[in-house]
Amino acid sequence: MHRWRFCLPALIVLLAAATVSAQVEDNLERYSQANGEGYLKPLVQELGVSLNRGWFRSGHVPAFGLSLRIGVVAMTTPVLDEDKTFTATTEGAFKPVQSAQVPTLVGNPQSLKLSGTGGTQYAFPGGLDISSITLGVPQLTIGSLLGTSAVVRYIAVDLEDNDIGDLSLLGFGARHSISQYFPLLPIDLSLGIFLQNLKIGDDLVKLSTLHIGLQASRGFGPLAVYAGIGRDQTQAELNYTYQGGAESSAVSFEFDGDNGLQTTLGAALNLGVLFLNGDMTFGQRQAYSVGLFLGF
Amino acid sequence: MTRLFRSLILLTALWFLTAGLTCETRQVEVPVLGTAETPIQIETDTGAFSQDEVVDLTDIVQDILDQQDFDQVIAILLESVTYTITDNESAVNTMVSGEIQVSSSATGELRPLIEMSGVNLTDIADVEQSPDLNAQGVLEINRAISPLAGGGNVIYIHVGGTATPAPPPLIRFKIVVKVTVTVVGLVETEVPVL
(Lines give C-alpha, C1' and ligand atoms only; values in the text may rest on other atoms or scores of the structure.)
Protein backbone atom coordinates (compact mmCIF):
# COMPACT_ATOMS: atom_id res chain seq x y z
CA MET A 1 0.00 0.00 0.00
CA HIS A 2 1.55 3.32 -1.03
CA ARG A 3 0.99 6.38 1.10
CA TRP A 4 0.02 9.41 -0.98
CA ARG A 5 1.29 12.84 -0.22
CA PHE A 6 0.64 16.01 -2.14
CA CYS A 7 3.75 17.82 -3.24
CA LEU A 8 4.54 20.70 -5.57
CA PRO A 9 6.99 19.14 -7.93
CA ALA A 10 6.12 21.13 -11.05
CA LEU A 11 8.37 23.99 -10.02
CA ILE A 12 11.25 21.83 -8.89
CA VAL A 13 13.61 19.85 -11.07
CA LEU A 14 14.17 16.27 -9.93
CA LEU A 15 11.20 16.18 -7.62
CA ALA A 16 11.93 15.20 -4.03
CA ALA A 17 15.51 15.60 -5.15
CA ALA A 18 17.03 15.62 -1.70
CA THR A 19 15.80 12.21 -0.55
CA VAL A 20 16.03 10.59 -4.00
CA SER A 21 19.58 11.82 -4.51
CA ALA A 22 20.67 10.64 -1.07
CA GLN A 23 19.16 7.22 -1.70
CA VAL A 24 20.82 6.99 -5.10
CA GLU A 25 24.24 7.58 -3.57
CA ASP A 26 23.67 5.07 -0.75
CA ASN A 27 22.69 2.34 -3.19
CA LEU A 28 25.50 3.21 -5.60
CA GLU A 29 28.08 2.66 -2.85
CA ARG A 30 27.32 -1.07 -3.11
CA TYR A 31 28.52 -1.13 -6.71
CA SER A 32 31.85 -0.69 -8.39
CA GLN A 33 31.92 0.71 -11.91
CA ALA A 34 30.64 -2.19 -13.98
CA ASN A 35 27.57 -2.75 -11.84
CA GLY A 36 27.11 0.94 -11.05
CA GLU A 37 26.63 1.84 -14.70
CA GLY A 38 23.99 -0.86 -15.18
CA TYR A 39 22.18 0.23 -12.02
CA LEU A 40 22.00 3.88 -12.99
CA LYS A 41 21.82 3.86 -16.79
CA PRO A 42 18.01 3.62 -17.17
CA LEU A 43 17.52 6.70 -15.00
CA VAL A 44 20.04 8.64 -17.09
CA GLN A 45 18.43 7.50 -20.32
CA GLU A 46 14.94 8.51 -19.28
CA LEU A 47 16.14 11.72 -17.64
CA GLY A 48 17.89 12.69 -20.86
CA VAL A 49 14.77 12.03 -22.92
CA SER A 50 12.63 14.08 -20.51
CA LEU A 51 15.05 16.99 -20.31
CA ASN A 52 15.25 17.21 -24.10
CA ARG A 53 11.52 17.84 -24.33
CA GLY A 54 9.38 20.97 -24.09
CA TRP A 55 11.74 23.40 -25.78
CA PHE A 56 9.36 24.43 -28.56
CA ARG A 57 5.65 24.63 -29.30
CA SER A 58 5.68 26.16 -32.75
CA GLY A 59 7.67 26.42 -35.96
CA HIS A 60 6.92 30.14 -36.13
CA VAL A 61 9.57 32.72 -35.23
CA PRO A 62 8.80 36.36 -36.13
CA ALA A 63 11.47 38.16 -38.13
CA PHE A 64 11.47 41.05 -35.68
CA GLY A 65 9.52 42.00 -32.61
CA LEU A 66 9.57 41.81 -28.86
CA SER A 67 7.98 38.77 -27.28
CA LEU A 68 8.46 37.45 -23.77
CA ARG A 69 6.94 34.31 -22.33
CA ILE A 70 7.66 32.83 -18.96
CA GLY A 71 6.21 29.65 -17.64
CA VAL A 72 6.65 26.06 -16.66
CA VAL A 73 7.17 22.96 -18.72
CA ALA A 74 6.42 19.51 -17.33
CA MET A 75 7.92 16.48 -19.04
CA THR A 76 7.47 12.79 -18.40
CA THR A 77 9.03 9.63 -19.82
CA PRO A 78 7.47 6.27 -18.85
CA VAL A 79 9.94 3.67 -17.64
CA LEU A 80 10.15 0.61 -19.86
CA ASP A 81 9.96 -2.88 -18.34
CA GLU A 82 13.37 -3.70 -19.77
CA ASP A 83 14.83 -0.80 -17.78
CA LYS A 84 13.84 -2.25 -14.43
CA THR A 85 16.51 -4.97 -14.30
CA PHE A 86 20.09 -5.44 -15.42
CA THR A 87 22.69 -8.19 -15.27
CA ALA A 88 24.94 -7.63 -12.29
CA THR A 89 27.87 -9.71 -11.05
CA THR A 90 28.79 -10.36 -7.45
CA GLU A 91 31.85 -8.49 -6.22
CA GLY A 92 34.46 -8.79 -3.48
CA ALA A 93 35.39 -12.10 -1.88
CA PHE A 94 31.95 -13.70 -2.27
CA LYS A 95 32.16 -17.17 -3.81
CA PRO A 96 31.29 -18.41 -6.29
CA VAL A 97 31.17 -15.38 -8.58
CA GLN A 98 27.64 -15.21 -10.01
CA SER A 99 25.58 -13.04 -12.30
CA ALA A 100 21.88 -12.36 -11.96
CA GLN A 101 19.10 -10.07 -13.17
CA VAL A 102 18.78 -7.50 -10.40
CA PRO A 103 16.85 -4.24 -9.92
CA THR A 104 18.07 -1.05 -11.49
CA LEU A 105 17.54 2.27 -9.74
CA VAL A 106 14.04 2.45 -11.23
CA GLY A 107 13.24 -1.20 -10.49
CA ASN A 108 11.86 -3.28 -7.65
CA PRO A 109 12.61 -1.90 -4.17
CA GLN A 110 13.35 -5.38 -2.78
CA SER A 111 16.99 -6.40 -2.70
CA LEU A 112 17.93 -9.60 -4.51
CA LYS A 113 19.93 -12.14 -2.52
CA LEU A 114 22.14 -14.90 -3.93
CA SER A 115 23.48 -17.89 -2.03
CA GLY A 116 27.16 -18.74 -2.04
CA THR A 117 29.63 -21.15 -0.56
CA GLY A 118 28.47 -22.80 2.66
CA GLY A 119 25.28 -20.73 2.78
CA THR A 120 26.77 -17.24 2.61
CA GLN A 121 24.58 -14.59 1.00
CA TYR A 122 25.14 -11.64 -1.31
CA ALA A 123 22.58 -8.85 -1.45
CA PHE A 124 22.06 -6.49 -4.38
CA PRO A 125 20.28 -3.20 -3.54
CA GLY A 126 16.69 -2.56 -4.51
CA GLY A 127 15.48 0.32 -6.64
CA LEU A 128 12.99 3.13 -6.21
CA ASP A 129 10.15 1.49 -8.19
CA ILE A 130 9.67 4.49 -10.45
CA SER A 131 7.12 4.18 -13.25
CA SER A 132 8.05 7.40 -15.02
CA ILE A 133 10.66 10.12 -14.91
CA THR A 134 8.69 13.32 -14.50
CA LEU A 135 10.15 16.79 -14.25
CA GLY A 136 9.00 20.38 -14.14
CA VAL A 137 11.24 23.26 -15.14
CA PRO A 138 10.76 27.04 -15.41
CA GLN A 139 11.43 28.42 -18.86
CA LEU A 140 11.78 31.83 -20.45
CA THR A 141 11.43 32.52 -24.17
CA ILE A 142 12.60 35.82 -25.64
CA GLY A 143 12.30 36.92 -29.20
CA SER A 144 13.01 37.86 -31.78
CA LEU A 145 15.72 39.33 -33.90
CA LEU A 146 16.40 38.44 -37.52
CA GLY A 147 14.01 35.54 -37.17
CA THR A 148 15.77 34.14 -34.12
CA SER A 149 14.40 33.63 -30.63
CA ALA A 150 16.15 32.42 -27.50
CA VAL A 151 14.97 30.17 -24.69
CA VAL A 152 16.46 29.72 -21.25
CA ARG A 153 15.94 27.28 -18.38
CA TYR A 154 17.50 27.76 -15.01
CA ILE A 155 17.01 26.48 -11.52
CA ALA A 156 19.24 26.09 -8.49
CA VAL A 157 18.09 24.17 -5.42
CA ASP A 158 19.75 23.68 -2.06
CA LEU A 159 19.13 20.00 -1.37
CA GLU A 160 19.79 20.55 2.34
CA ASP A 161 22.03 17.52 2.41
CA ASN A 162 25.68 18.21 3.15
CA ASP A 163 26.68 14.87 1.67
CA ILE A 164 24.97 15.55 -1.67
CA GLY A 165 25.36 19.30 -2.14
CA ASP A 166 23.21 21.44 -4.40
CA LEU A 167 21.32 20.87 -7.62
CA SER A 168 21.52 23.20 -10.58
CA LEU A 169 20.13 23.15 -14.09
CA LEU A 170 21.06 25.60 -16.81
CA GLY A 171 19.78 25.28 -20.33
CA PHE A 172 19.60 27.54 -23.29
CA GLY A 173 18.65 27.30 -26.90
CA ALA A 174 17.75 29.18 -29.99
CA ARG A 175 15.37 28.78 -32.89
CA HIS A 176 15.87 30.38 -36.28
CA SER A 177 13.05 30.79 -38.78
CA ILE A 178 13.57 28.93 -42.06
CA SER A 179 10.19 29.84 -43.47
CA GLN A 180 11.15 33.56 -43.54
CA TYR A 181 13.30 32.69 -46.56
CA PHE A 182 10.46 30.85 -48.23
CA PRO A 183 7.38 33.08 -47.92
CA LEU A 184 5.23 30.76 -50.02
CA LEU A 185 5.65 27.83 -47.63
CA PRO A 186 2.22 26.83 -46.29
CA ILE A 187 3.71 26.06 -42.87
CA ASP A 188 6.04 27.76 -40.43
CA LEU A 189 9.42 26.09 -40.26
CA SER A 190 12.35 26.68 -37.94
CA LEU A 191 15.65 25.12 -36.95
CA GLY A 192 16.48 24.84 -33.26
CA ILE A 193 19.37 23.86 -31.04
CA PHE A 194 18.99 23.36 -27.29
CA LEU A 195 21.62 22.52 -24.67
CA GLN A 196 21.39 21.79 -20.97
CA ASN A 197 23.63 20.96 -18.06
CA LEU A 198 22.34 19.38 -14.88
CA LYS A 199 24.60 19.07 -11.89
CA ILE A 200 23.97 17.44 -8.52
CA GLY A 201 26.47 18.08 -5.76
CA ASP A 202 30.07 18.98 -6.46
CA ASP A 203 30.47 16.08 -8.85
CA LEU A 204 28.03 13.29 -7.96
CA VAL A 205 26.10 13.65 -11.21
CA LYS A 206 26.81 15.76 -14.27
CA LEU A 207 24.34 15.38 -17.12
CA SER A 208 24.47 17.23 -20.41
CA THR A 209 21.80 17.11 -23.08
CA LEU A 210 21.59 18.39 -26.62
CA HIS A 211 18.70 18.51 -29.06
CA ILE A 212 18.99 19.70 -32.66
CA GLY A 213 16.07 19.59 -35.02
CA LEU A 214 13.47 21.09 -37.27
CA GLN A 215 10.14 22.41 -36.01
CA ALA A 216 7.04 22.98 -38.12
CA SER A 217 3.59 24.33 -37.32
CA ARG A 218 0.38 25.61 -38.79
CA GLY A 219 -2.12 27.85 -37.05
CA PHE A 220 -5.91 27.63 -37.05
CA GLY A 221 -7.02 30.69 -35.13
CA PRO A 222 -6.01 30.33 -31.48
CA LEU A 223 -5.05 26.70 -32.06
CA ALA A 224 -1.86 25.54 -33.72
CA VAL A 225 -0.60 22.07 -34.46
CA TYR A 226 3.12 21.51 -34.49
CA ALA A 227 5.66 18.81 -35.17
CA GLY A 228 9.35 18.38 -34.78
CA ILE A 229 12.03 15.98 -35.86
CA GLY A 230 15.45 16.06 -34.33
CA ARG A 231 18.28 14.28 -32.67
CA ASP A 232 18.81 13.88 -28.93
CA GLN A 233 22.17 13.45 -27.29
CA THR A 234 22.71 12.78 -23.59
CA GLN A 235 25.96 12.24 -21.72
CA ALA A 236 26.36 11.56 -18.04
CA GLU A 237 29.29 11.54 -15.66
CA LEU A 238 29.04 10.00 -12.22
CA ASN A 239 31.45 10.13 -9.29
CA TYR A 240 30.96 8.33 -6.01
CA THR A 241 32.77 6.19 -3.48
CA TYR A 242 32.52 2.40 -3.70
CA GLN A 243 32.28 0.90 -0.23
CA GLY A 244 33.69 -2.62 -0.41
CA GLY A 245 33.69 -3.46 3.28
CA ALA A 246 36.92 -2.23 4.88
CA GLU A 247 38.08 -0.78 1.57
CA SER A 248 36.63 2.12 -0.31
CA SER A 249 37.63 3.48 -3.66
CA ALA A 250 36.62 6.36 -5.87
CA VAL A 251 34.48 5.39 -8.85
CA SER A 252 34.11 7.67 -11.84
CA PHE A 253 32.60 6.84 -15.18
CA GLU A 254 30.85 8.36 -18.15
CA PHE A 255 28.19 6.94 -20.38
CA ASP A 256 25.69 7.97 -23.01
CA GLY A 257 21.94 8.04 -22.74
CA ASP A 258 19.56 7.45 -25.62
CA ASN A 259 21.08 9.21 -28.61
CA GLY A 260 18.90 9.14 -31.66
CA LEU A 261 16.10 10.56 -33.72
CA GLN A 262 12.97 11.85 -31.98
CA THR A 263 9.68 12.84 -33.60
CA THR A 264 7.29 15.20 -31.82
CA LEU A 265 3.61 15.90 -32.45
CA GLY A 266 1.65 18.46 -30.48
CA ALA A 267 -0.91 21.21 -30.24
CA ALA A 268 -0.78 24.69 -28.75
CA LEU A 269 -3.46 27.11 -27.63
CA ASN A 270 -3.09 30.88 -27.59
CA LEU A 271 -5.48 32.40 -25.01
CA GLY A 272 -4.25 35.96 -25.23
CA VAL A 273 -1.63 36.28 -22.52
CA LEU A 274 -1.88 32.61 -21.60
CA PHE A 275 -0.29 29.92 -23.73
CA LEU A 276 -0.82 26.19 -23.34
CA ASN A 277 0.67 23.31 -25.23
CA GLY A 278 1.00 19.56 -25.07
CA ASP A 279 2.95 17.11 -27.16
CA MET A 280 4.10 13.54 -27.51
CA THR A 281 7.54 12.43 -28.67
CA PHE A 282 8.39 9.12 -30.31
CA GLY A 283 11.81 7.56 -30.45
CA GLN A 284 13.56 4.80 -28.55
CA ARG A 285 11.30 5.95 -25.72
CA GLN A 286 8.05 7.84 -25.67
CA ALA A 287 7.83 11.11 -23.80
CA TYR A 288 5.17 13.71 -23.11
CA SER A 289 5.32 17.38 -22.23
CA VAL A 290 2.90 20.09 -21.24
CA GLY A 291 3.64 23.79 -21.06
CA LEU A 292 1.90 26.72 -19.41
CA PHE A 293 3.18 30.19 -20.19
CA LEU A 294 2.26 33.79 -19.56
CA GLY A 295 3.47 36.54 -21.79
CA PHE A 296 3.06 38.29 -25.06
CA MET B 1 -19.07 28.13 -23.83
CA THR B 2 -15.66 29.29 -25.07
CA ARG B 3 -14.88 30.65 -21.63
CA LEU B 4 -15.85 27.31 -20.06
CA PHE B 5 -13.72 25.43 -22.57
CA ARG B 6 -10.74 27.67 -21.86
CA SER B 7 -11.21 27.23 -18.11
CA LEU B 8 -11.31 23.44 -18.42
CA ILE B 9 -8.12 23.37 -20.43
CA LEU B 10 -6.41 25.66 -17.96
CA LEU B 11 -7.50 23.58 -14.99
CA THR B 12 -6.36 20.37 -16.68
CA ALA B 13 -2.95 21.85 -17.39
CA LEU B 14 -2.61 23.11 -13.83
CA TRP B 15 -3.63 19.71 -12.51
CA PHE B 16 -0.99 18.04 -14.62
CA LEU B 17 1.65 20.46 -13.49
CA THR B 18 0.82 20.36 -9.81
CA ALA B 19 -1.81 18.08 -8.24
CA GLY B 20 -1.43 15.44 -10.94
CA LEU B 21 2.15 15.14 -9.86
CA THR B 22 2.33 13.69 -6.39
CA CYS B 23 4.81 11.89 -4.20
CA GLU B 24 4.61 8.27 -3.12
CA THR B 25 6.56 6.58 -0.40
CA ARG B 26 8.87 3.74 -1.26
CA GLN B 27 10.45 1.33 1.17
CA VAL B 28 13.79 0.48 -0.39
CA GLU B 29 16.03 -2.33 0.80
CA VAL B 30 19.59 -1.05 1.09
CA PRO B 31 22.50 -3.47 1.73
CA VAL B 32 25.58 -1.98 3.36
CA LEU B 33 28.88 -3.83 3.78
CA GLY B 34 30.75 -4.05 7.04
CA THR B 35 34.04 -5.79 7.72
CA ALA B 36 35.93 -6.80 10.85
CA GLU B 37 39.17 -8.70 11.10
CA THR B 38 41.41 -10.06 13.76
CA PRO B 39 45.08 -11.08 13.52
CA ILE B 40 45.91 -14.37 15.20
CA GLN B 41 49.55 -14.90 16.13
CA ILE B 42 50.76 -18.46 15.62
CA GLU B 43 54.02 -19.54 17.19
CA THR B 44 55.14 -23.10 17.75
CA ASP B 45 58.35 -24.96 18.42
CA THR B 46 56.71 -28.36 18.08
CA GLY B 47 54.89 -28.00 14.81
CA ALA B 48 51.42 -28.18 16.37
CA PHE B 49 49.51 -24.99 17.02
CA SER B 50 46.22 -24.01 18.61
CA GLN B 51 45.03 -20.47 19.19
CA ASP B 52 41.78 -18.73 20.09
CA GLU B 53 40.62 -15.25 19.19
CA VAL B 54 37.43 -13.27 18.68
CA VAL B 55 36.05 -11.17 15.82
CA ASP B 56 33.75 -8.51 17.23
CA LEU B 57 31.33 -7.04 14.72
CA THR B 58 29.45 -4.95 17.29
CA ASP B 59 31.06 -1.62 16.43
CA ILE B 60 30.89 -2.22 12.69
CA VAL B 61 27.20 -3.07 12.78
CA GLN B 62 26.43 -0.15 15.09
CA ASP B 63 28.34 2.28 12.85
CA ILE B 64 26.29 1.14 9.88
CA LEU B 65 23.04 1.53 11.80
CA ASP B 66 24.03 5.00 12.99
CA GLN B 67 25.13 6.22 9.55
CA GLN B 68 22.29 4.77 7.50
CA ASP B 69 19.37 5.71 9.72
CA PHE B 70 17.42 2.62 8.68
CA ASP B 71 13.73 2.52 9.46
CA GLN B 72 14.12 -1.19 10.06
CA VAL B 73 16.92 -3.76 9.89
CA ILE B 74 15.76 -6.68 7.78
CA ALA B 75 18.78 -8.94 8.04
CA ILE B 76 22.48 -9.20 8.73
CA LEU B 77 23.99 -11.59 6.23
CA LEU B 78 27.40 -13.26 6.14
CA GLU B 79 28.91 -12.46 2.76
CA SER B 80 32.42 -13.89 3.04
CA VAL B 81 35.20 -15.04 5.34
CA THR B 82 38.79 -14.78 4.15
CA TYR B 83 42.21 -15.20 5.67
CA THR B 84 45.64 -13.76 4.95
CA ILE B 85 49.01 -15.06 6.14
CA THR B 86 51.22 -12.17 7.24
CA ASP B 87 54.47 -11.62 9.15
CA ASN B 88 55.68 -15.05 8.13
CA GLU B 89 59.02 -15.75 9.82
CA SER B 90 58.92 -19.48 9.28
CA ALA B 91 61.35 -21.43 7.17
CA VAL B 92 60.83 -21.30 3.43
CA ASN B 93 58.26 -23.82 2.16
CA THR B 94 56.69 -24.37 5.55
CA MET B 95 53.37 -26.14 4.94
CA VAL B 96 50.36 -25.83 7.20
CA SER B 97 47.40 -28.15 7.55
CA GLY B 98 44.59 -27.44 9.93
CA GLU B 99 41.24 -25.86 10.44
CA ILE B 100 39.57 -22.61 11.39
CA GLN B 101 36.57 -23.24 13.60
CA VAL B 102 33.95 -20.86 14.93
CA SER B 103 31.39 -20.59 17.68
CA SER B 104 28.70 -18.07 18.50
CA SER B 105 29.43 -18.23 22.21
CA ALA B 106 32.54 -18.47 24.41
CA THR B 107 31.50 -21.87 25.75
CA GLY B 108 29.64 -23.21 22.76
CA GLU B 109 30.71 -26.04 20.50
CA LEU B 110 33.14 -25.13 17.76
CA ARG B 111 31.99 -25.74 14.21
CA PRO B 112 34.33 -26.19 11.21
CA LEU B 113 34.51 -23.20 8.86
CA ILE B 114 37.70 -23.32 6.78
CA GLU B 115 39.94 -26.27 6.05
CA MET B 116 43.61 -25.65 5.29
CA SER B 117 45.35 -28.60 3.66
CA GLY B 118 49.00 -28.38 2.67
CA VAL B 119 49.03 -24.58 2.53
CA ASN B 120 52.48 -23.22 1.62
CA LEU B 121 52.99 -20.16 3.82
CA THR B 122 55.60 -18.64 1.50
CA ASP B 123 53.45 -18.98 -1.60
CA ILE B 124 50.39 -17.31 -0.12
CA ALA B 125 52.04 -14.78 2.18
CA ASP B 126 50.21 -11.41 2.12
CA VAL B 127 47.66 -12.67 -0.43
CA GLU B 128 44.06 -12.73 0.75
CA GLN B 129 42.60 -16.23 0.45
CA SER B 130 38.92 -16.88 -0.31
CA PRO B 131 38.42 -20.53 0.54
CA ASP B 132 35.24 -22.58 0.36
CA LEU B 133 33.33 -22.32 3.62
CA ASN B 134 31.80 -25.17 5.59
CA ALA B 135 28.05 -24.81 6.00
CA GLN B 136 28.26 -25.70 9.71
CA GLY B 137 30.57 -22.79 10.38
CA VAL B 138 28.48 -20.41 8.28
CA LEU B 139 25.39 -21.40 10.22
CA GLU B 140 27.22 -20.76 13.50
CA ILE B 141 28.30 -17.29 12.35
CA ASN B 142 24.74 -16.55 11.24
CA ARG B 143 23.60 -17.37 14.78
CA ALA B 144 26.10 -14.86 16.10
CA ILE B 145 25.10 -12.02 13.78
CA SER B 146 21.38 -12.51 13.37
CA PRO B 147 19.45 -9.73 15.12
CA LEU B 148 16.37 -11.91 15.10
CA ALA B 149 18.20 -14.68 16.97
CA GLY B 150 19.51 -12.20 19.52
CA GLY B 151 23.06 -12.60 18.30
CA GLY B 152 25.77 -10.66 20.10
CA ASN B 153 27.80 -9.96 16.95
CA VAL B 154 30.86 -11.68 18.44
CA ILE B 155 32.39 -14.65 16.67
CA TYR B 156 34.74 -16.91 18.62
CA ILE B 157 37.51 -18.32 16.43
CA HIS B 158 39.80 -21.28 16.98
CA VAL B 159 42.76 -21.94 14.67
CA GLY B 160 44.42 -25.30 15.04
CA GLY B 161 46.70 -27.56 13.02
CA THR B 162 50.22 -28.66 12.30
CA ALA B 163 53.13 -27.18 10.37
CA THR B 164 55.81 -29.10 8.50
CA PRO B 165 58.69 -29.48 8.42
CA ALA B 166 58.74 -29.55 12.18
CA PRO B 167 60.90 -26.98 14.03
CA PRO B 168 63.63 -25.94 14.40
CA PRO B 169 63.55 -23.27 13.27
CA LEU B 170 60.63 -21.78 15.19
CA ILE B 171 57.44 -21.53 13.19
CA ARG B 172 55.96 -18.08 13.49
CA PHE B 173 53.31 -16.31 11.42
CA LYS B 174 50.05 -14.39 11.69
CA ILE B 175 46.77 -15.43 10.19
CA VAL B 176 44.38 -12.49 9.72
CA VAL B 177 40.78 -13.66 9.57
CA LYS B 178 38.41 -11.18 7.95
CA VAL B 179 34.63 -11.43 8.20
CA THR B 180 32.45 -9.43 5.80
CA VAL B 181 28.78 -8.98 6.58
CA THR B 182 25.96 -7.13 4.87
CA VAL B 183 23.42 -5.21 6.90
CA VAL B 184 20.19 -5.00 4.91
CA GLY B 185 17.98 -2.18 6.09
CA LEU B 186 14.74 -0.60 5.00
CA VAL B 187 14.71 3.07 4.07
CA GLU B 188 11.60 5.08 3.34
CA THR B 189 11.95 7.63 0.58
CA GLU B 190 9.58 9.81 -1.43
CA VAL B 191 9.55 9.56 -5.19
CA PRO B 192 7.55 11.67 -7.62
CA VAL B 193 4.85 9.93 -9.63
CA LEU B 194 2.41 11.06 -12.26
# chains A, B, ... in the order shown; residues from 1 in each chain; ligands from 1

call {"tool": "select_by_dssp", "arguments": {"residues": "stretch 63-188 of chain A", "states": "strand (DSSP E)", "output": "ChimeraX atom specification"}}
result
/A:64-78,85-89,99-103,112-115,121-124,132-145,148-158,166-177,188

call {"tool": "closest_atom_pairs", "arguments": {"of": "chain B", "to": "chain A", "cutoff": "6 Å", "atoms": "only C-alpha atoms", "output": "JSON lines"}}
result
{"residue": "B:Leu17", "atom": "CA", "partner": "A:Ala10", "partner_atom": "CA", "distance": 5.1}
{"residue": "B:Thr18", "atom": "CA", "partner": "A:Ala10", "partner_atom": "CA", "distance": 5.5}
{"residue": "B:Thr22", "atom": "CA", "partner": "A:Phe6", "partner_atom": "CA", "distance": 5.1}
{"residue": "B:Cys23", "atom": "CA", "partner": "A:Arg5", "partner_atom": "CA", "distance": 5.4}
{"residue": "B:Glu24", "atom": "CA", "partner": "A:Trp4", "partner_atom": "CA", "distance": 5.2}
{"residue": "B:Thr25", "atom": "CA", "partner": "A:Arg3", "partner_atom": "CA", "distance": 5.8}
{"residue": "B:Val28", "atom": "CA", "partner": "A:Pro109", "partner_atom": "CA", "distance": 4.6}
{"residue": "B:Glu29", "atom": "CA", "partner": "A:Gly126", "partner_atom": "CA", "distance": 5.4}
{"residue": "B:Val30", "atom": "CA", "partner": "A:Pro125", "partner_atom": "CA", "distance": 5.2}
{"residue": "B:Pro31", "atom": "CA", "partner": "A:Pro125", "partner_atom": "CA", "distance": 5.7}
{"residue": "B:Leu33", "atom": "CA", "partner": "A:Gly245", "partner_atom": "CA", "distance": 4.9}
{"residue": "B:Gly34", "atom": "CA", "partner": "A:Gly245", "partner_atom": "CA", "distance": 4.8}
{"residue": "B:Thr35", "atom": "CA", "partner": "A:Gly245", "partner_atom": "CA", "distance": 5.0}
{"residue": "B:Leu78", "atom": "CA", "partner": "A:Thr120", "partner_atom": "CA", "distance": 5.4}
{"residue": "B:Glu79", "atom": "CA", "partner": "A:Gln121", "partner_atom": "CA", "distance": 5.1}
{"residue": "B:Ser80", "atom": "CA", "partner": "A:Phe94", "partner_atom": "CA", "distance": 5.3}
{"residue": "B:Asp132", "atom": "CA", "partner": "A:Thr117", "partner_atom": "CA", "distance": 5.9}
{"residue": "B:Leu133", "atom": "CA", "partner": "A:Gly118", "partner_atom": "CA", "distance": 5.0}
{"residue": "B:Asn134", "atom": "CA", "partner": "A:Gly118", "partner_atom": "CA", "distance": 5.0}
{"residue": "B:Ala135", "atom": "CA", "partner": "A:Gly118", "partner_atom": "CA", "distance": 3.9}
{"residue": "B:Pro192", "atom": "CA", "partner": "A:Leu15", "partner_atom": "CA", "distance": 5.8}

call {"tool": "closest_residue", "arguments": {"among": "B:Gly160, B:Gly185, B:Gly108, B:Pro131", "to": "B:Gln68", "atoms": "only C-alpha atoms"}}
result
B:Gly185

call {"tool": "residues_around", "arguments": {"residues": "A:Phe172", "least_positions_apart": "3", "cutoff": "7 Å", "atoms": "only C-alpha atoms", "output": "list in words"}}
result
Val151, Val152, Arg153, Phe194, Leu195 and Gln196 of chain A

call {"tool": "residues_around", "arguments": {"residues": "A:Pro186", "least_positions_apart": "4", "cutoff": "10 Å", "atoms": "only C-alpha atoms", "output": "PyMOL selection string"}}
result
chain A and resi 179+182+217-218

call {"tool": "select_by_dssp", "arguments": {"residues": "stretch 11-181 of chain A", "states": "helix (DSSP H, G or I)", "output": "PyMOL selection string"}}
result
chain A and resi 11+17-28+33-51+81-83+117-119+179-181

call {"tool": "residues_around", "arguments": {"residues": "stretch 48-57 of chain B", "least_positions_apart": "6", "cutoff": "7 Å", "atoms": "only C-alpha atoms", "output": "ChimeraX atom specification"}}
result
/B:36-38,40,42,153-163

call {"tool": "residues_around", "arguments": {"residues": "B:Val73", "least_positions_apart": "5", "cutoff": "8 Å", "atoms": "only C-alpha atoms", "output": "number ranges by chain"}}
result
B: 183-186

call {"tool": "closest_atom_pairs", "arguments": {"of": "stretch 54-161 of chain A", "to": "stretch 165-170 of chain A", "cutoff": "12 Å", "atoms": "only C-alpha atoms", "output": "JSON lines"}}
result
{"residue": "A:Leu135", "atom": "CA", "partner": "A:Leu169", "partner_atom": "CA", "distance": 11.8}
{"residue": "A:Gly136", "atom": "CA", "partner": "A:Leu169", "partner_atom": "CA", "distance": 11.5}
{"residue": "A:Val137", "atom": "CA", "partner": "A:Leu169", "partner_atom": "CA", "distance": 9.0}
{"residue": "A:Pro138", "atom": "CA", "partner": "A:Leu169", "partner_atom": "CA", "distance": 10.2}
{"residue": "A:Gln139", "atom": "CA", "partner": "A:Leu170", "partner_atom": "CA", "distance": 10.2}
{"residue": "A:Leu140", "atom": "CA", "partner": "A:Leu170", "partner_atom": "CA", "distance": 11.8}
{"residue": "A:Val151", "atom": "CA", "partner": "A:Leu170", "partner_atom": "CA", "distance": 11.0}
{"residue": "A:Val152", "atom": "CA", "partner": "A:Leu170", "partner_atom": "CA", "distance": 7.6}
{"residue": "A:Arg153", "atom": "CA", "partner": "A:Leu170", "partner_atom": "CA", "distance": 5.6}
{"residue": "A:Tyr154", "atom": "CA", "partner": "A:Leu170", "partner_atom": "CA", "distance": 4.5}
{"residue": "A:Ile155", "atom": "CA", "partner": "A:Leu169", "partner_atom": "CA", "distance": 5.2}
{"residue": "A:Ala156", "atom": "CA", "partner": "A:Ser168", "partner_atom": "CA", "distance": 4.2}
{"residue": "A:Val157", "atom": "CA", "partner": "A:Leu167", "partner_atom": "CA", "distance": 5.1}
{"residue": "A:Asp158", "atom": "CA", "partner": "A:Asp166", "partner_atom": "CA", "distance": 4.7}
{"residue": "A:Leu159", "atom": "CA", "partner": "A:Asp166", "partner_atom": "CA", "distance": 5.3}
{"residue": "A:Glu160", "atom": "CA", "partner": "A:Gly165", "partner_atom": "CA", "distance": 7.3}
{"residue": "A:Asp161", "atom": "CA", "partner": "A:Gly165", "partner_atom": "CA", "distance": 5.9}

call {"tool": "closest_residue", "arguments": {"among": "A:Val97, A:Ala34, A:Leu223, A:Leu40", "to": "B:Ser130", "atoms": "only C-alpha atoms"}}
result
A:Val97
